[in-house]
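Undergrad: Supplied structure: query-v1.cif, mmCIF, C-alpha atoms.
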data_target
loop_
_atom_site.group_PDB
_atom_site.id
_atom_site.type_symbol
_atom_site.label_atom_id
_atom_site.label_comp_id
_atom_site.auth_asym_id
_atom_site.auth_seq_id
_atom_site.Cartn_x
_atom_site.Cartn_y
_atom_site.Cartn_z
ATOM 1 C CA MET A 3 -66.889 87.370 -4.262
ATOM 2 C CA GLN A 4 -66.823 87.714 -0.508
ATOM 3 C CA ALA A 5 -64.079 89.258 1.609
ATOM 4 C CA ASP A 6 -62.748 85.830 2.594
ATOM 5 C CA ARG A 7 -62.025 85.096 -1.100
ATOM 6 C CA GLN A 8 -64.507 82.297 -1.626
ATOM 7 C CA ILE A 9 -64.827 80.914 -5.139
ATOM 8 C CA GLU A 10 -68.180 81.671 -6.709
ATOM 9 C CA ILE A 11 -69.809 78.475 -7.888
ATOM 10 C CA ILE A 12 -71.726 78.828 -11.119
ATOM 11 C CA THR A 13 -74.141 76.167 -12.247
ATOM 12 C CA HIS A 14 -74.069 75.287 -15.916
ATOM 13 C CA THR A 15 -75.223 72.571 -18.263
ATOM 14 C CA LEU A 16 -71.772 71.660 -19.618
ATOM 15 C CA GLU A 17 -70.386 68.307 -18.600
ATOM 16 C CA LEU A 18 -67.049 69.381 -17.048
ATOM 17 C CA ASP A 19 -65.041 67.706 -14.344
ATOM 18 C CA GLU A 20 -64.532 70.556 -11.901
ATOM 19 C CA ASN A 21 -62.613 70.478 -8.661
ATOM 20 C CA LEU A 22 -62.672 74.058 -7.450
ATOM 21 C CA THR A 23 -60.804 73.370 -4.198
ATOM 22 C CA GLN A 24 -57.968 71.839 -6.218
ATOM 23 C CA GLN A 25 -58.023 74.881 -8.542
ATOM 24 C CA ALA A 26 -57.754 77.235 -5.543
ATOM 25 C CA LYS A 27 -54.734 75.272 -4.247
ATOM 26 C CA GLY A 28 -53.159 75.541 -7.689
ATOM 27 C CA TRP A 29 -53.537 79.330 -7.652
ATOM 28 C CA LYS A 30 -51.835 79.526 -4.247
ATOM 29 C CA VAL A 31 -48.956 77.339 -5.446
ATOM 30 C CA GLN A 32 -48.660 79.485 -8.565
ATOM 31 C CA LYS A 33 -48.347 82.673 -6.462
ATOM 32 C CA ILE A 34 -45.736 81.092 -4.166
ATOM 33 C CA CYS A 35 -43.698 79.841 -7.130
ATOM 34 C CA GLY A 36 -43.903 83.263 -8.768
ATOM 35 C CA ILE A 37 -42.494 84.861 -5.604
ATOM 36 C CA LEU A 38 -39.716 82.257 -5.414
ATOM 37 C CA ILE A 39 -38.752 82.829 -9.062
ATOM 38 C CA ALA A 40 -38.676 86.603 -8.490
ATOM 39 C CA ALA A 41 -36.438 86.077 -5.427
ATOM 40 C CA VAL A 42 -34.029 83.882 -7.425
ATOM 41 C CA ILE A 43 -33.865 86.526 -10.174
ATOM 42 C CA VAL A 44 -33.088 89.282 -7.654
ATOM 43 C CA LEU A 45 -30.415 87.157 -5.927
ATOM 44 C CA THR A 46 -28.864 86.233 -9.268
ATOM 45 C CA ALA A 47 -28.699 89.873 -10.357
ATOM 46 C CA SER A 48 -27.168 90.741 -6.976
ATOM 47 C CA GLY A 49 -24.358 88.231 -7.436
ATOM 48 C CA LEU A 50 -25.252 85.229 -5.321
ATOM 49 C CA PHE A 51 -24.481 82.875 -8.195
ATOM 50 C CA GLY A 52 -21.491 84.714 -9.686
ATOM 51 C CA SER A 53 -20.464 88.255 -10.579
ATOM 52 C CA GLY A 54 -22.274 91.003 -8.698
ATOM 53 C CA PRO A 55 -22.223 93.123 -5.553
ATOM 54 C CA LEU A 56 -23.046 90.208 -3.205
ATOM 55 C CA SER A 57 -20.139 88.228 -4.588
ATOM 56 C CA TRP A 58 -17.303 90.732 -4.153
ATOM 57 C CA ARG A 59 -15.450 90.783 -0.854
ATOM 58 C CA LYS A 60 -12.904 93.406 0.157
ATOM 59 C CA ILE A 61 -10.433 92.833 2.989
ATOM 60 C CA GLU A 62 -8.205 95.626 4.302
ATOM 61 C CA LYS A 63 -5.313 94.955 6.690
ATOM 62 C CA ALA A 64 -2.398 97.258 7.498
ATOM 63 C CA GLY A 65 -1.905 98.779 4.065
ATOM 64 C CA VAL A 66 -3.007 95.660 2.160
ATOM 65 C CA ILE A 67 -6.296 95.605 0.233
ATOM 66 C CA LEU A 68 -7.439 92.269 -1.187
ATOM 67 C CA GLN A 69 -10.550 92.016 -3.388
ATOM 68 C CA TYR A 70 -11.993 88.756 -4.691
ATOM 69 C CA GLU A 71 -15.240 87.055 -5.663
ATOM 70 C CA THR A 72 -16.751 84.841 -3.005
ATOM 71 C CA PHE A 73 -19.036 83.018 -5.449
ATOM 72 C CA GLY A 74 -17.755 81.628 -8.724
ATOM 73 C CA ARG A 75 -18.213 78.957 -11.334
ATOM 74 C CA VAL A 76 -16.035 76.057 -12.408
ATOM 75 C CA GLU A 77 -13.739 77.061 -15.281
ATOM 76 C CA LYS A 78 -14.854 80.723 -15.177
ATOM 77 C CA GLU A 79 -12.042 83.169 -14.606
ATOM 78 C CA ALA A 80 -11.743 84.609 -11.111
ATOM 79 C CA ASP A 81 -9.768 87.808 -10.525
ATOM 80 C CA ILE A 82 -8.068 88.298 -7.163
ATOM 81 C CA ARG A 83 -6.767 91.852 -6.816
ATOM 82 C CA LEU A 84 -4.113 92.931 -4.367
ATOM 83 C CA GLN A 85 -3.154 96.497 -3.599
ATOM 84 C CA VAL A 86 -0.264 97.187 -1.242
ATOM 85 C CA ASP A 87 0.999 100.559 -0.052
ATOM 86 C CA GLY A 88 4.606 101.567 -0.429
ATOM 87 C CA GLY A 89 7.355 101.040 -2.938
ATOM 88 C CA LYS A 90 9.193 98.136 -1.317
ATOM 89 C CA ALA A 91 9.375 94.555 -2.535
ATOM 90 C CA LEU A 92 6.302 92.426 -2.019
ATOM 91 C CA ALA A 93 6.100 88.730 -1.072
ATOM 92 C CA ILE A 94 2.845 86.768 -1.416
ATOM 93 C CA THR A 95 2.705 83.240 0.008
ATOM 94 C CA ILE A 96 -0.171 80.948 -0.992
ATOM 95 C CA PRO A 97 -0.767 77.382 0.283
ATOM 96 C CA MET A 98 -0.483 74.621 -2.319
ATOM 97 C CA ARG A 99 -3.697 73.065 -0.943
ATOM 98 C CA TYR A 100 -5.514 76.265 -1.953
ATOM 99 C CA LEU A 101 -3.884 76.404 -5.397
ATOM 100 C CA ASP A 102 -4.768 72.724 -6.034
ATOM 101 C CA HIS A 103 -8.364 73.919 -6.576
ATOM 102 C CA PHE A 104 -7.347 76.476 -9.217
ATOM 103 C CA LYS A 105 -5.475 76.745 -12.478
ATOM 104 C CA VAL A 106 -3.282 79.866 -12.361
ATOM 105 C CA GLU A 107 -3.851 81.451 -15.767
ATOM 106 C CA LYS A 108 -1.667 84.510 -15.278
ATOM 107 C CA ILE A 109 -0.359 86.983 -12.750
ATOM 108 C CA VAL A 110 -0.126 90.658 -13.720
ATOM 109 C CA PRO A 111 2.524 91.985 -13.391
ATOM 110 C CA ASP A 112 4.712 88.900 -13.613
ATOM 111 C CA ALA A 113 6.398 87.829 -10.408
ATOM 112 C CA TYR A 114 10.090 88.667 -10.119
ATOM 113 C CA GLU A 115 10.637 85.322 -8.437
ATOM 114 C CA SER A 116 8.507 82.326 -7.484
ATOM 115 C CA ARG A 117 9.449 79.376 -5.346
ATOM 116 C CA ILE A 118 7.811 76.343 -3.750
ATOM 117 C CA ALA A 119 8.774 75.261 -0.243
ATOM 118 C CA LYS A 120 7.042 73.282 2.524
ATOM 119 C CA GLY A 121 3.635 73.216 0.828
ATOM 120 C CA TYR A 122 3.552 76.920 -0.064
ATOM 121 C CA VAL A 123 4.183 78.935 -3.216
ATOM 122 C CA THR A 124 5.833 82.307 -2.671
ATOM 123 C CA TYR A 125 5.674 84.989 -5.342
ATOM 124 C CA THR A 126 8.036 87.935 -5.001
ATOM 125 C CA PHE A 127 7.383 91.220 -6.787
ATOM 126 C CA ARG A 128 9.513 94.308 -7.140
ATOM 127 C CA GLY A 129 7.977 97.331 -5.531
ATOM 128 C CA ALA A 130 6.462 100.185 -7.525
ATOM 129 C CA ILE A 131 8.732 103.202 -7.826
ATOM 130 C CA GLU A 132 6.077 105.352 -6.188
ATOM 131 C CA GLY A 133 2.525 104.794 -5.083
ATOM 132 C CA LYS A 134 0.800 101.460 -4.685
ATOM 133 C CA ASN A 135 1.642 97.965 -5.864
ATOM 134 C CA ILE A 136 -1.341 96.478 -7.722
ATOM 135 C CA ILE A 137 -1.295 92.781 -8.577
ATOM 136 C CA HIS A 138 -3.960 90.666 -10.293
ATOM 137 C CA PHE A 139 -4.152 86.882 -9.993
ATOM 138 C CA PHE A 140 -6.305 85.371 -12.742
ATOM 139 C CA LEU A 141 -7.398 81.901 -11.616
ATOM 140 C CA TYR A 142 -9.759 79.275 -13.030
ATOM 141 C CA PRO A 143 -11.521 77.059 -10.455
ATOM 142 C CA LYS A 144 -11.148 73.354 -11.275
ATOM 143 C CA LYS A 145 -13.686 71.900 -8.819
ATOM 144 C CA ALA A 146 -17.025 72.865 -7.324
ATOM 145 C CA GLY A 147 -17.459 73.348 -3.584
ATOM 146 C CA ASN A 148 -16.059 75.374 -0.689
ATOM 147 C CA ILE A 149 -12.472 76.554 -1.002
ATOM 148 C CA LYS A 150 -10.607 78.199 1.868
ATOM 149 C CA GLY A 151 -7.066 79.406 2.121
ATOM 150 C CA ILE A 152 -4.894 81.846 4.016
ATOM 151 C CA TRP A 153 -2.681 84.085 1.923
ATOM 152 C CA GLN A 154 0.288 85.779 3.502
ATOM 153 C CA VAL A 155 1.080 89.227 2.084
ATOM 154 C CA ASN A 156 4.220 90.804 3.599
ATOM 155 C CA GLN A 157 3.622 89.015 6.922
ATOM 156 C CA GLN A 158 -0.134 89.857 6.941
ATOM 157 C CA HIS A 159 -2.409 86.781 7.014
ATOM 158 C CA ILE A 160 -5.602 87.105 4.959
ATOM 159 C CA GLN A 161 -8.220 84.357 4.761
ATOM 160 C CA LEU A 162 -10.061 83.840 1.472
ATOM 161 C CA THR A 163 -13.265 81.811 1.249
ATOM 162 C CA HIS A 164 -14.908 80.854 -2.046
ATOM 163 C CA PHE A 165 -17.969 78.872 -2.992
ATOM 164 C CA ILE A 166 -17.670 77.503 -6.506
ATOM 165 C CA TYR A 167 -20.812 76.422 -8.347
ATOM 166 C CA PRO A 168 -20.641 73.613 -10.940
#
Spell out the structure here as structure tokens.

TA:
Amino acid sequence: MQADRQIEIITHTLELDENLTQQAKGWKVQKICGILIAAVIVLTASGLFGSGPLSWRKIEKAGVILQYETFGRVEKEADIRLQVDGGKALAITIPMRYLDHFKVEKIVPDAYESRIAKGYVTYTFRGAIEGKNIIHFFLYPKKAGNIKGIWQVNQQHIQLTHFIYP
């Protein structure tokens, strides 16, 4: 073989239909597809299509830490974690348009009070005696696509953006 990777043509007496240029194109396509498959595997393991480091987003604002998965799947549980400093009561307001895309499975700990007004759901929690308030929202996406919403946590506005795969 030469340095420019020419295919060596061998003469033989067998009656074979050979198309060496087509075979060379096939090898190139095979290499490209192999690289693409390896890239998809790496991205999948990293969390582009669900759970993983690429999927988790962490937002910190004035004593509020919100963690959630950016990428999810329809009817696969999504955990949105909130951590708030201080021992005072906590109010979380979520737009109904955002919640229309999810089924709220449970909230841990349970809200002290919940109310619906003017297109928003407000959950009120009693503050922890000392330390941080930690709240988990377990939601199941109902539809595929982009979902955006702005949560209000004790007067702090936090925007969440999800992409839900089918």

Undergrad: As a list in words, please: the residues near Ile94 in chain A (cut-off 9 Å, all atoms listed in the file, same-chain neighbours under 4 positions excluded).

TA: Val123, Thr124, Tyr125, Thr126, Phe127, Trp153, Gln154, Val155, Asn156 and Gln157 of chain A

Undergrad: Of the candidates A:Phe104, A:Trp29, A:Phe51, A:Trp58, which shows the shortest atom-to-atom distance to Glu77 in chain A, using only C-alpha atoms?

TA: A:Phe104

Undergrad: Which is closest to Lys90 in chain A among A:Ile67, A:Val106, A:Cys35, A:Ala130, if we use only C-alpha atoms?

TA: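 Counting only C-alpha atoms, the residue closest to Lys90 in chain A is A:Ala130.
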
Undergrad: For Pro55 in chain A, please output as a list of chain:residue names all residues within 12 Å (counting only C-alpha atoms; exclusion window: fewer than 6 positions along the same chain).

TA: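 In the requested format, the answer is A:Val44, A:Leu45, A:Thr46, A:Ala47, A:Ser48, A:Gly49, A:Gln69, A:Tyr70, A:Glu71, A:Thr72, A:Phe73.
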
Undergrad: To verify the selection step, state as an mmCIF file with C-alpha atoms, in the frame of the given file which residues the PyMOL selection byres ((chain A and resi 62) around 12) yields on this input.

TA:
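The resulting file, result_32.cif, is reproduced below:
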data_model
loop_
_atom_site.group_PDB
_atom_site.id
_atom_site.type_symbol
_atom_site.label_atom_id
_atom_site.label_comp_id
_atom_site.auth_asym_id
_atom_site.auth_seq_id
_atom_site.Cartn_x
_atom_site.Cartn_y
_atom_site.Cartn_z
ATOM 1 C CA ARG A 59 -15.450 90.783 -0.854
ATOM 2 C CA LYS A 60 -12.904 93.406 0.157
ATOM 3 C CA ILE A 61 -10.433 92.833 2.989
ATOM 4 C CA LYS A 63 -5.313 94.955 6.690
ATOM 5 C CA ALA A 64 -2.398 97.258 7.498
ATOM 6 C CA GLY A 65 -1.905 98.779 4.065
ATOM 7 C CA VAL A 66 -3.007 95.660 2.160
ATOM 8 C CA ILE A 67 -6.296 95.605 0.233
ATOM 9 C CA LEU A 68 -7.439 92.269 -1.187
ATOM 10 C CA GLN A 69 -10.550 92.016 -3.388
ATOM 11 C CA TYR A 70 -11.993 88.756 -4.691
ATOM 12 C CA ARG A 83 -6.767 91.852 -6.816
ATOM 13 C CA LEU A 84 -4.113 92.931 -4.367
ATOM 14 C CA GLN A 85 -3.154 96.497 -3.599
ATOM 15 C CA VAL A 86 -0.264 97.187 -1.242
ATOM 16 C CA ASP A 87 0.999 100.559 -0.052
ATOM 17 C CA VAL A 155 1.080 89.227 2.084
ATOM 18 C CA GLN A 158 -0.134 89.857 6.941
ATOM 19 C CA HIS A 159 -2.409 86.781 7.014
ATOM 20 C CA ILE A 160 -5.602 87.105 4.959
ATOM 21 C CA GLN A 161 -8.220 84.357 4.761
#

Undergrad: Expressed in Å to a single decimal, how great is the separation between CA of Glu79 in chain A and CA of Ile118 in chain A?

TA: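 CA of Ile118 in chain A lies 23.6 Å from CA of Glu79 in chain A.
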
Undergrad: Each side padded by 5 Å, which centre and which edge lengths in Å (one decimal) define the axis-aligned box around the listed atoms of range 31-45 of chain A? Give them as lines of an AutoDock Vina configuration file.

TA:
center_x = -39.7
center_y = 83.3
center_z = -7.2
size_x = 28.5
size_y = 21.9
size_z = 16.0

Undergrad: Tell me which of A:Lys150, A:Arg117, A:Lys145, A:Arg128 sits closest to Arg75 in chain A, counting all atoms listed in the file.

TA: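 For Arg75 in chain A, the nearest of the given residues is A:Lys145.
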
Undergrad: Here is a test: counting all atoms listed in the file, which residue of A:Ala26, A:Ile39, A:Ala91, A:Leu50 is nearest to Tyr114 in chain A?

TA: A:Ala91

Undergrad: I'd like the interatomic distance between CA of Gly88 in chain A and CA of Tyr100 in chain A, to a tenth of an Å.

TA: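 So the answer is 27.3 Å.
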
Undergrad: Please determine, counting only C-alpha atoms, which residue among A:Val42, A:Ile9, A:Gly36, A:Lys108 has the shortest atom-to-atom distance to Thr23 in chain A.

TA: A:Ile9

Undergrad: Quick one: residues within 7 Å of Met98 in chain A, all atoms listed in the file counted, chain neighbours fewer than 3 positions away excluded, as a list in words?

TA: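 My reading of the contact set: Leu101, Asp102, Gly121, Tyr122 and Val123 of chain A.
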
Undergrad: Could you state the separation of CA of Ile152 in chain A and CA of Glu115 in chain A in Å, given to one decimal place?

TA: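 Spanning CA of Ile152 in chain A to CA of Glu115 in chain A is a straight-line distance of 20.2 Å.
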
Undergrad: For this file, the PyMOL selection byres ((chain A and resi 149) around 9) selects which residues, as a ChimeraX atom specification?

TA: /A:100,103,146-148,150-151,162-166

Undergrad: Return the single residue from A:Ile136, A:Ile82, A:Ile96, A:Leu141 that is closest to Ala119 in chain A, with distances computed using all atoms listed in the file.

TA: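 Among A:Ile136, A:Ile82, A:Ile96, A:Leu141, it is A:Ile96 that comes nearest to Ala119 in chain A.
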